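Below you'll find the structure, written out as structure tokens, and then a few comments.
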Number of protein chains: 2
Amino acid sequence: MSTGATPIGVGMLGCGVVGAGVVKLLQDKSALYAHRTGRRIELAKVGVRDPHKDRGVALDAALLTTDLHAVTTDPDVDIVVELMGGTEPAVELMLEAIRHGKHVVTANKEAIAKFGREIFTAANEMGVDVYFEASVGGGIPVIQPFKRSLIANEVTELAGIINGTTNYILTAMTEQARDLADVLDEAQRLGYAEADPTADVDGHDAKYKLAILASLIFGCRIDVDQIHCEGIRGVTATDIAYAKQFGYVIKLLAKAAQHERGIEARVHPCLVPVGHPMAAVNGVYNALFLKGDAVGDVMLYGRGAGQMPTASAVVSDILNIASDITAAKSSRLMACQHNHTGTLLPMSETISQFYLRLSTHDRPGVLGFVGSGLGQHGISIETFVQSRVTGGLAEMVFITRPAREADIQHALTQLKASDSVHDVSSVLRVGP
Amino acid sequence: MSTGATPIGVGMLGCGVVGAGVVKLLQDKSALYAHRTGRRIELAKVGVRDPHKDRGVALDAALLTTDLHAVTTDPDVDIVVELMGGTEPAVELMLEAIRHGKHVVTANKEAIAKFGREIFTAANEMGVDVYFEASVGGGIPVIQPFKRSLIANEVTELAGIINGTTNYILTAMTEQARDLADVLDEAQRLGYAEADPTADVDGHDAKYKLAILASLIFGCRIDVDQIHCEGIRGVTATDIAYAKQFGYVIKLLAKAAQHERGIEARVHPCLVPVGHPMAAVNGVYNALFLKGDAVGDVMLYGRGAGQMPTASAVVSDILNIASDITAAKSSRLMACQHNHTGTLLPMSETISQFYLRLSTHDRPGVLGFVGSGLGQHGISIETFVQSRVTGGLAEMVFITRPAREADIQHALTQLKASDSVHDVSSVLRVGP
């Protein structure tokens with residue numbers, strides 16, 4: 001196959017850290033990519049805020065523009081690569097590119113999670129591709145495995161460690177017995193956490209990614225605001241130590257499962273048994289663990305963020321589209337095939353095992369009182385330890401058998417109101 | 001998109017355990033698959049040796065034939081699924097199908113590893129697809145991730161646990177401190193090992209899979225007979241116990257790496273550090289661990305064999321081709337793009353850390369003698385223990401620093417010939 005045909009023009013919206021990685025790959029490996037796709041891939045236009053910023057790559061000044069619409073409408077651009085992040089003006093620019101018949105590659109999890117309906121509907125109408133491999137799990141193959149390699153399956157459940165910042169923090173807290181504030185501070189200095197860490201630490205980034213994954217595997221739109229979302233601010237060094245004693249590590253998990261009455265989708269810290277493959281996913285690594293009804297358990301593991309891993313996913317998407325452009329149509333398997341919104345199961349109806357840490361008054365009968373209080377709500381205990389009596393207070397730590405979220409919440413409300421329980425120190429779920 | 005168009009006809013060659021799984025999926029999920037691909041997928045013909053055998057699935061007798069050529073030439077068949085295994089007559093039948101313009105899906109690692117040149121050349125000439133996701137790693141997404149999701153990378157090295165039988169055996173030996181013969185016997189009773197276990201236990205199955213992977217990532221044909229291949233017959237409960245003491249587990253690894261002077265490709269037992277993600281891959285699970293120059297480390301994990309995991313890969317391939325048939329041509333990225341044979345590095349030139357277990361005569365100066373013997377060949381020691389003196393013999397166990405294979409072999413030959421060393425009990429490599 002000749003590579004003498006018209007080159008494939010790539011237009012970029014934004015050129016920060018990941019963008020510079022994309023430019024570097026397209027420049028350094030242009031001969032390899034021409035061989036692999038059968039087409040030359042050429043950077044046609046790069047829309048940026050500041051054309052004079054040093055990006056660490058040699059970019060022809062003639063390619064740079066501050067007019068982002070010049071990228072989405074350029075006749076030499078076949079594929080628009082959106083790397084601005086956020087929803088405005090990224091979403092409007094992607095829609096404009098699609099209306100002009102451009103294929104789109106994006107790493108923007110928030111835009112896809114919140115405006116998937118608008119973006120995919122427009123793309124299907126125009127018969128163009130929207131690829132978003134980089135939006136979940138950085139460079140880990142995730143989207144194509146779901147859309148292609150596992151397409152014979154119905155994926156019934158999914159648990160992911162899909163936020164690198166929080167996994168870095170939890171790993172450091174676990175390995176070095178340090179507090180969240182201390183590790184977060186270090187992560188910010190090292191560039192693993194943003195100056196405003198809210199999106200990561202409070203679980204929103206993981207929530208956007210979970211919405212994208214749940215939408216893919218269950219074939220419906222997901223209302224991202226309905227996803228139960230807890231971050232890691234409540235996780236303490238004490239909980240991590242108890243978890244270890246019980247044979248668990250604490251991870252921020254994003255979970256999804258299909259039930260008859262709706263889709264379970266939730267993000268929260270979770271105790272993971274040390275023998276489970278997810279327990280060994282440390283530092284900035286991410287992993288997706290899924291069950292397919294034919295394939296069984298599958299895990300996809302790798303770097304969930306960073307310049308070159310993310311650029312790897314973005315450029316692979318570009319090459320996939322470039323290779324298929326010769327076929328002059330978008331790929332059905334890679335297109336979005338749904339447009340109805342799935343019913344999400346209320347968090348109160350989900351079932352988990354729970355890790356409960358209670359501060360109780362140290363007097364006879366308290367264990368019986370607490371045990372009965374849980375039992376009245378149908379909650380059984382799997383493991384129990386009591387320790388560290390200080391100032392007339394004893395610490396009781398339970399791991400329960402699987403229980404309804406609502407039952408746990410009711411039982412804890414009742415226990416908190418009693419004069420035997422001083423405080424509920426921690427409530428974490430056990431999984432995955 | 002309508003599914004009213006002409007259905008896609010599937011013809012099967014062989015219908016054993018995996019074939020029955022494929023039939024089951026195509027029957028049970030026909031509506032889902034029609035939605036996902038936009039085409040109805042219909043079983044058009046099934047070629048078998050014995051049409052009267054009970055396969056555990058309801059197969060219309062009119063579809064069955066003992067004439068395998070009737071499958072490869074049937075005008076109603078668009079995709080031929082080859083599940084016979086072995087090379088003859090499977091390869092000839094696949095070539096016949098290709099010559100008749102059929103796309104091919106196969107789970108046959110031996111046929112692809114040995115006859116890839118003939119099969120892919122014919123497919124490229126005819127413009128048809130040959131998909132072989134099931135040939136490596138059962139249902140784990142492997143081939144499409146390499147050909148699509150990671151295509152922006154040059155994969156520089158690879159280590160895989162890609163044989164379920166040997167991993168089951170080594171896991172049982174490790175967890176239950178049992179001997180190979182004992183566990184192999186059990187594995188045969190449970191159906192995890194064949195009556196003749198040679199292909200698995202001696203590493204040939206892993207070697208075929210490694211040839212396919214190395215060919216994909218390095219873009220050249222691989223002469224499968226040149227791959228260094230050791231099975232697990234030399235691994236003893238004693239070695240597993242020592243490995244544990246040093247912080248390792250023993251796995252059968254398939255490894256490949258690109259060097260300036262050639263491609264390193266080898267299959268042998270290996271000590272894997274307990275903290276490495278590959279160390280947690282147990283039982284019949286498989287995993288591929290790879291390094292891409294942009295993406296960094298990636299691991300793909302799941303069931304490497306079994307009826308439904310393998311059927312998952314086969315049927316996903318069918319659906320991928322069915323979805324793309326509307327584009328009326330094969331996909332460049334999924335096609336084989338090379339036809340030259342790569343240069344394999346001789347095993348003697350590869351570098352590994354080594355685990356050495358020597359039985360020595362228990363007298364003064366022997367440790368010095370052995371240490372000097374290794375040192376003369378440029379081999380340094382990382383860890384050493386000596387133990388269990390019986391009958392005038394002492395056992396010395398070393399883990400070396402990285403050393404050339406040839407240097408280790410020369411040093412051991414020299415030590416064996418000396419009157420200080422009674423025997424070289426074990427030589428294993430440390431990795432991955």
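In the structure tokens, each chain is lettered A, B, ... as it comes, each chain's residues begin at 1, and ligands are numbered from 1 in order of appearance.
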Within 7 Å of chain B, which residues of chain A show up? Give each one with its shortest atom-to-atom distance in Å (one decimal) and the two atoms involved, counting only C-alpha atoms, rows by chain then rising residue number, as a Markdown table.
```
| residue | atom | partner | partner_atom | distance |
| --- | --- | --- | --- | --- |
| A:Arg36 | CA | B:Leu333 | CA | 6.7 |
| A:Thr37 | CA | B:Leu333 | CA | 6.4 |
| A:Gly139 | CA | B:Val295 | CA | 5.4 |
| A:Ile140 | CA | B:Val298 | CA | 6.6 |
| A:Pro141 | CA | B:Ser149 | CA | 5.4 |
| A:Gln144 | CA | B:Ser149 | CA | 6.5 |
| A:Pro145 | CA | B:Pro141 | CA | 6.1 |
| A:Arg148 | CA | B:Asn320 | CA | 6.4 |
| A:Ser149 | CA | B:Pro141 | CA | 5.4 |
| A:Leu150 | CA | B:Ser316 | CA | 6.0 |
| A:Ile151 | CA | B:Ser316 | CA | 5.3 |
| A:Ala152 | CA | B:Ser316 | CA | 4.7 |
| A:Asn153 | CA | B:Ser312 | CA | 6.6 |
| A:Pro277 | CA | B:Ala280 | CA | 6.6 |
| A:Ala280 | CA | B:Pro277 | CA | 6.6 |
| A:Ala294 | CA | B:Met308 | CA | 5.0 |
| A:Val295 | CA | B:Pro309 | CA | 3.9 |
| A:Gly296 | CA | B:Pro309 | CA | 6.6 |
| A:Asp297 | CA | B:Gly302 | CA | 5.6 |
| A:Val298 | CA | B:Gly302 | CA | 4.3 |
| A:Met299 | CA | B:Tyr301 | CA | 4.8 |
| A:Leu300 | CA | B:Leu300 | CA | 4.9 |
| A:Tyr301 | CA | B:Met299 | CA | 4.8 |
| A:Gly302 | CA | B:Val298 | CA | 4.3 |
| A:Arg303 | CA | B:Asp297 | CA | 6.9 |
| A:Met308 | CA | B:Ala294 | CA | 5.0 |
| A:Pro309 | CA | B:Val295 | CA | 3.9 |
| A:Ser312 | CA | B:Val295 | CA | 5.5 |
| A:Ala313 | CA | B:Ser149 | CA | 6.7 |
| A:Val315 | CA | B:Ala152 | CA | 5.7 |
| A:Ser316 | CA | B:Ala152 | CA | 4.7 |
| A:Asn320 | CA | B:Arg148 | CA | 6.4 |
| A:Ser323 | CA | B:Arg332 | CA | 6.2 |
| A:Asp324 | CA | B:Ser331 | CA | 6.8 |
| A:Ala327 | CA | B:Ala327 | CA | 6.0 |
| A:Ser331 | CA | B:Asp324 | CA | 6.8 |
| A:Arg332 | CA | B:Ser323 | CA | 6.2 |
| A:Leu333 | CA | B:Thr37 | CA | 6.4 |
```
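If you measure from each of B:Pro346, B:Gly392, B:Gly47, B:Gly373 to B:Ser359 using only C-alpha atoms, the closest one turns out to be B:Gly392.
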> Can you tell me, as an MDAnalysis selection string, what residues are no more than 12 Å from A:Pro7 when counting only C-alpha atoms, ignoring any on the same chain fewer than 3 positions away?
Replying inline: chainID A and resid 2:4 10 30 33:34 37:44 76:79 322:323 325:326
>> If DSSP is run on the backbone, what residues of stretch 88-332 of chain B are strand (DSSP E or B)? A reply as a PyMOL selection string would be ideal.
In response: chain B and resi 103-106+130-131+155-161+221+228-229+248-259+262-273+285-292+296-303
Would you mind listing what lies within 6 Å of stretch 229-237 of chain B as a PDB file with C-alpha atoms, in the first residue's frame, with only C-alpha atoms counted and same-chain residues fewer than 5 positions away left out?
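Wrote it out as result.pdb, contents follow:
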```pdb
ATOM      1  CA  ASP B 179       5.877 -32.100  43.406  1.00  0.00           C
ATOM      2  CA  VAL B 201       4.819 -28.763  30.051  1.00  0.00           C
ATOM      3  CA  ASP B 202       7.787 -28.509  27.670  1.00  0.00           C
ATOM      4  CA  GLY B 203       6.897 -24.949  26.659  1.00  0.00           C
ATOM      5  CA  ARG B 266      12.879 -17.196  24.986  1.00  0.00           C
ATOM      6  CA  VAL B 267      10.587 -19.423  27.034  1.00  0.00           C
ATOM      7  CA  HIS B 268      11.806 -20.771  30.367  1.00  0.00           C
TER       8      HIS B 268
END
```
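Note that the spacing between atom CA of B:Gly86 and atom CA of B:Thr198 amounts to 14.2 Å.
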Show me, as a PDB file with N, CA and C atoms, in the first residue's frame, the residues that have an atom within 9 Å of B:Ser420 when counting only C-alpha atoms, minus same-chain residues fewer than 3 positions from it.
```pdb
ATOM      1  N   THR B 360      27.630 -29.303  46.961  1.00  0.00           N
ATOM      2  CA  THR B 360      29.097 -29.254  47.036  1.00  0.00           C
ATOM      3  C   THR B 360      29.616 -30.152  48.154  1.00  0.00           C
ATOM      4  N   HIS B 361      30.886 -30.525  48.062  1.00  0.00           N
ATOM      5  CA  HIS B 361      31.503 -31.294  49.143  1.00  0.00           C
ATOM      6  C   HIS B 361      31.768 -30.351  50.309  1.00  0.00           C
ATOM      7  N   ASP B 362      31.396 -30.791  51.500  1.00  0.00           N
ATOM      8  CA  ASP B 362      31.437 -29.923  52.672  1.00  0.00           C
ATOM      9  C   ASP B 362      32.835 -29.900  53.279  1.00  0.00           C
ATOM     10  N   ARG B 363      33.704 -29.059  52.717  1.00  0.00           N
ATOM     11  CA  ARG B 363      35.042 -28.930  53.297  1.00  0.00           C
ATOM     12  C   ARG B 363      35.526 -27.496  53.127  1.00  0.00           C
ATOM     13  N   VAL B 366      35.598 -24.439  49.890  1.00  0.00           N
ATOM     14  CA  VAL B 366      34.751 -24.723  48.729  1.00  0.00           C
ATOM     15  C   VAL B 366      33.997 -23.468  48.275  1.00  0.00           C
ATOM     16  N   PHE B 369      36.266 -21.418  46.359  1.00  0.00           N
ATOM     17  CA  PHE B 369      36.511 -22.013  45.056  1.00  0.00           C
ATOM     18  C   PHE B 369      35.374 -21.715  44.079  1.00  0.00           C
ATOM     19  N   VAL B 370      34.121 -21.919  44.564  1.00  0.00           N
ATOM     20  CA  VAL B 370      32.954 -21.685  43.699  1.00  0.00           C
ATOM     21  C   VAL B 370      32.850 -20.203  43.350  1.00  0.00           C
ATOM     22  N   LEU B 415      32.797 -25.719  36.925  1.00  0.00           N
ATOM     23  CA  LEU B 415      32.534 -26.106  38.314  1.00  0.00           C
ATOM     24  C   LEU B 415      32.153 -27.578  38.410  1.00  0.00           C
ATOM     25  N   LYS B 416      31.303 -28.023  37.475  1.00  0.00           N
ATOM     26  CA  LYS B 416      30.860 -29.424  37.482  1.00  0.00           C
ATOM     27  C   LYS B 416      32.050 -30.367  37.367  1.00  0.00           C
ATOM     28  N   ALA B 417      33.055 -29.955  36.598  1.00  0.00           N
ATOM     29  CA  ALA B 417      34.217 -30.810  36.360  1.00  0.00           C
ATOM     30  C   ALA B 417      35.169 -30.836  37.560  1.00  0.00           C
TER      31      ALA B 417
END
```
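These are the residues of stretch 330-401 of chain A assigned alpha helix (DSSP H) by DSSP from backbone coordinates: Val366, Leu367, Gly368, Phe369, Val370, Gly371, Ser372, Gly373, Leu374, Gly375 and Gln376 of chain A.
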Could you write out that same residue set with N, CA and C atoms as a compact mmCIF listing (two decimals), in the first residue's frame?
```txt
# COMPACT_ATOMS: atom_id res chain seq x y z
N VAL A 366 -21.68 -3.01 76.20
CA VAL A 366 -21.70 -2.14 75.03
C VAL A 366 -21.59 -2.94 73.73
N LEU A 367 -20.69 -3.97 73.76
CA LEU A 367 -20.56 -4.79 72.55
C LEU A 367 -21.90 -5.44 72.20
N GLY A 368 -22.57 -5.95 73.25
CA GLY A 368 -23.88 -6.56 73.02
C GLY A 368 -24.87 -5.54 72.45
N PHE A 369 -24.81 -4.32 72.96
CA PHE A 369 -25.74 -3.28 72.50
C PHE A 369 -25.49 -2.96 71.03
N VAL A 370 -24.21 -2.80 70.69
CA VAL A 370 -23.88 -2.47 69.31
C VAL A 370 -24.24 -3.63 68.38
N GLY A 371 -23.85 -4.85 68.80
CA GLY A 371 -24.14 -6.03 67.99
C GLY A 371 -25.64 -6.19 67.74
N SER A 372 -26.44 -5.96 68.79
CA SER A 372 -27.91 -6.07 68.63
C SER A 372 -28.42 -4.97 67.72
N GLY A 373 -27.87 -3.77 67.89
CA GLY A 373 -28.29 -2.64 67.05
C GLY A 373 -28.08 -2.93 65.58
N LEU A 374 -26.93 -3.54 65.27
CA LEU A 374 -26.67 -3.91 63.88
C LEU A 374 -27.60 -5.04 63.45
N GLY A 375 -27.73 -6.04 64.36
CA GLY A 375 -28.55 -7.21 64.04
C GLY A 375 -30.00 -6.85 63.74
N GLN A 376 -30.55 -5.87 64.49
CA GLN A 376 -31.94 -5.44 64.24
C GLN A 376 -32.15 -4.96 62.81
```
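From atom CA of A:Ala134 back to atom CA of A:Ala195, the distance works out to 22.3 Å.
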> A:Glu349: which residues within 12 Å, counting only C-alpha atoms, same-chain residues fewer than 6 positions away excluded, as a list of chain:residue names?
Replying inline: A:His228, A:His259, A:Arg261, A:Gly262, A:Ile263, A:Glu264, A:Ala265, A:Arg266, A:Ala403, A:Arg404, A:Glu405, A:Ala406, A:Asp407, A:Ile408, A:Gln409
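Using only C-alpha atoms, the protein and nucleic acid residues lying no more than 8 Å from A:Lys24, apart from those fewer than 4 places from it along its own chain, are Ala20, Asp28 and Val57 of chain A.
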